[in-house]
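Remarks on the structure that follows.
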Amino acid sequence: MRMSRIVRTAADILYPTILIFGLYIIAHGHLTPGGGFQGGAVIATAGALVIVAYSYAEVREWLSGKVLMGQEVIGLVGFIGVALIAFAFGQVFFFNYLNASGSLFGIPVPYGINAGELNTGGFVPLMNFAVGIEVWGGLTLVLIYMLSGLEKEVC
Amino acid sequence: MKKMLIVAASLLILAAFFGVMAMTFSFGSPKMTDMDDYFLRHGQEQTGTNNQCTSVTFDFRGFDTLGESTVLFCAIIGVALMFRKMQAGDEHENE
Amino acid sequence: MLWNLPLITVVVLTLIGLVTVLLKKNIIKILLGINILESAVNLFLVSLGYREGGVAPIFTLAPSELMVLPTPQALVLTSIVIGVATSALVLSFAMVLKKKYGTVDINEIRRLHG
């Protein structure tokens, strides 16, 4: 059943905030604690918040299963694709071809304690994004399908 | 009553065995750290990240992460298949 | 006796998990016991990599250069995700079983023949 107006308004304000916080954890995975799996799990809790505040029947209309399954597939294929591109550079599978090169995430990092810069890291931020999108789609899909098996109307 | 005595006795034996092993373990000084010392010293120049846990997960041991993503994917496909079969089973029984 | 507190917790959690898997009759409690066993194993793996007085192995604004080992943390990350996947799958099996047999008692599920 739907919750009261105060709860629905708070869920409206919190949903994009949780999304931005989860994407921050995914994007800074090579500088601070976090990474792909942790950020994806944080974003999946935003779906649980919206299902609790609005009723399950309403959320099921605008959160479709096919889009989430497509998101999961794109995540896994992107992960394998980023690793396969290393063959184009004449190296082995999973070689870090963007590390200390001039292009996308390629500033070299010397040894020692420093303040951290976002442009470093090789292909690790790209893999973090792929895994984060896969875990987001996957965990929200599990949540939706398990709640569809309830017999009575509980939420 | 006899079953509870057997369960309690076997639990005590297991707790004593594991407890002795836990007490005589050298916690806080690992014995073989050669691989991790190499990862900590050369991780920043070979992967370019500051976070060494992420560099071990995604660059030095990337195959394990590939296998883990595949296992997660297959388990979620299994959950989706189970619930589609459950809804189709309802429609067959109601006909 | 308290300097080994993570390892004592591992022993306690393992025994609780074993008792739950072997002695309970509700299928959902058995599956939660498997989850408790997995938590005990993950805690044991992480506590194998501890160095006395070390900080987290991250070089961004770290307080000191003595760090704990990063490899067990990477293995435990993988293990936790696989535990989540396994739990989701077997709990959905339990839901389908309840719908087909009408009960979650494992003695009843064994004796009925669909």
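Simple scheme: letters A, B, ... for chains in structure tokens order, numbers from 1 for residues in each chain, numbers from 1 for ligands in the order shown.
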Do you know which residues are at most 7 Å from region 24-41 of chain B counting only C-alpha atoms, after dropping those on the same chain fewer than 4 positions away, and could you put them as an NGL selection string? (:B and (20 or 52)) or (:C and (4 or 49-52 or 69-71))
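Residues in contact with Ala80 (chain B) at up to 9 Å, not including ones fewer than 3 positions away on its chain and judged by only C-alpha atoms, are Leu141, Val142, Tyr145 and Met146 of chain A; Ala75, Ile76, Ile77, Phe83, Arg84 and Lys85 of chain B.
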Identify all chain A residues at most 12 Å from chain C by counting only C-alpha atoms; ligands do not count. Present them as a ChimeraX atom specification. /A:28-38,40-41,109-118,131,135,138-143,145-151
Save the residues we just selected, C-alpha atoms, as a PDB file, in the first residue's frame?
```
ATOM      1  CA  HIS A  28      36.426   6.934  -7.390  1.00  0.00           C
ATOM      2  CA  GLY A  29      37.141   3.223  -7.010  1.00  0.00           C
ATOM      3  CA  HIS A  30      40.822   3.618  -7.785  1.00  0.00           C
ATOM      4  CA  LEU A  31      41.457   6.348  -5.199  1.00  0.00           C
ATOM      5  CA  THR A  32      39.292   5.696  -2.135  1.00  0.00           C
ATOM      6  CA  PRO A  33      37.770   2.522  -0.646  1.00  0.00           C
ATOM      7  CA  GLY A  34      34.975   1.287  -2.873  1.00  0.00           C
ATOM      8  CA  GLY A  35      34.809   0.144  -6.447  1.00  0.00           C
ATOM      9  CA  GLY A  36      32.338  -1.513  -8.755  1.00  0.00           C
ATOM     10  CA  PHE A  37      30.634  -4.061  -6.498  1.00  0.00           C
ATOM     11  CA  GLN A  38      30.187  -1.823  -3.496  1.00  0.00           C
ATOM     12  CA  GLY A  40      26.370  -1.191  -7.391  1.00  0.00           C
ATOM     13  CA  ALA A  41      24.991  -2.572  -4.140  1.00  0.00           C
ATOM     14  CA  VAL A 109      51.749   7.696 -10.516  1.00  0.00           C
ATOM     15  CA  PRO A 110      55.069   7.604  -8.613  1.00  0.00           C
ATOM     16  CA  TYR A 111      55.510   5.543  -5.473  1.00  0.00           C
ATOM     17  CA  GLY A 112      54.475   7.177  -2.228  1.00  0.00           C
ATOM     18  CA  ILE A 113      51.636   8.800  -0.347  1.00  0.00           C
ATOM     19  CA  ASN A 114      49.915  11.464  -2.439  1.00  0.00           C
ATOM     20  CA  ALA A 115      46.594  13.278  -2.602  1.00  0.00           C
ATOM     21  CA  GLY A 116      45.139  11.266  -5.464  1.00  0.00           C
ATOM     22  CA  GLU A 117      44.140  12.428  -8.920  1.00  0.00           C
ATOM     23  CA  LEU A 118      41.127  11.249 -10.906  1.00  0.00           C
ATOM     24  CA  VAL A 131      30.831  -4.028 -13.044  1.00  0.00           C
ATOM     25  CA  VAL A 135      25.496  -5.305 -10.193  1.00  0.00           C
ATOM     26  CA  GLY A 138      21.195  -7.597 -11.374  1.00  0.00           C
ATOM     27  CA  LEU A 139      20.297  -6.855  -7.753  1.00  0.00           C
ATOM     28  CA  THR A 140      17.276  -4.698  -8.658  1.00  0.00           C
ATOM     29  CA  LEU A 141      16.063  -7.477 -10.963  1.00  0.00           C
ATOM     30  CA  VAL A 142      16.314 -10.052  -8.160  1.00  0.00           C
ATOM     31  CA  LEU A 143      14.383  -7.706  -5.855  1.00  0.00           C
ATOM     32  CA  TYR A 145      11.196 -10.859  -9.280  1.00  0.00           C
ATOM     33  CA  MET A 146      11.216 -12.129  -5.707  1.00  0.00           C
ATOM     34  CA  LEU A 147       8.517  -9.647  -4.692  1.00  0.00           C
ATOM     35  CA  SER A 148       6.328 -10.755  -7.582  1.00  0.00           C
ATOM     36  CA  GLY A 149       5.962 -14.177  -5.989  1.00  0.00           C
ATOM     37  CA  LEU A 150       3.990 -12.932  -2.994  1.00  0.00           C
ATOM     38  CA  GLU A 151       0.399 -14.109  -2.821  1.00  0.00           C
TER      39      GLU A 151
END
```
Per DSSP on the backbone, filter chain A down to the residues in alpha helix (DSSP H) and report them as a count of residues only. 92
Need to verify the contact set: region 35-44 of chain C, 8 Å, only C-alpha atoms, exclusion of same-chain residues closer than 5 positions in sequence. Can you return it as a ChimeraX atom specification? /C:6-7,9-11,13-14,16-18,76,79-80,83,87
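Compared by their closest atoms to chain B, and using only C-alpha atoms, the residues C:Thr86, C:Arg110, C:Val104, C:Leu45 rank with C:Thr86 nearest.
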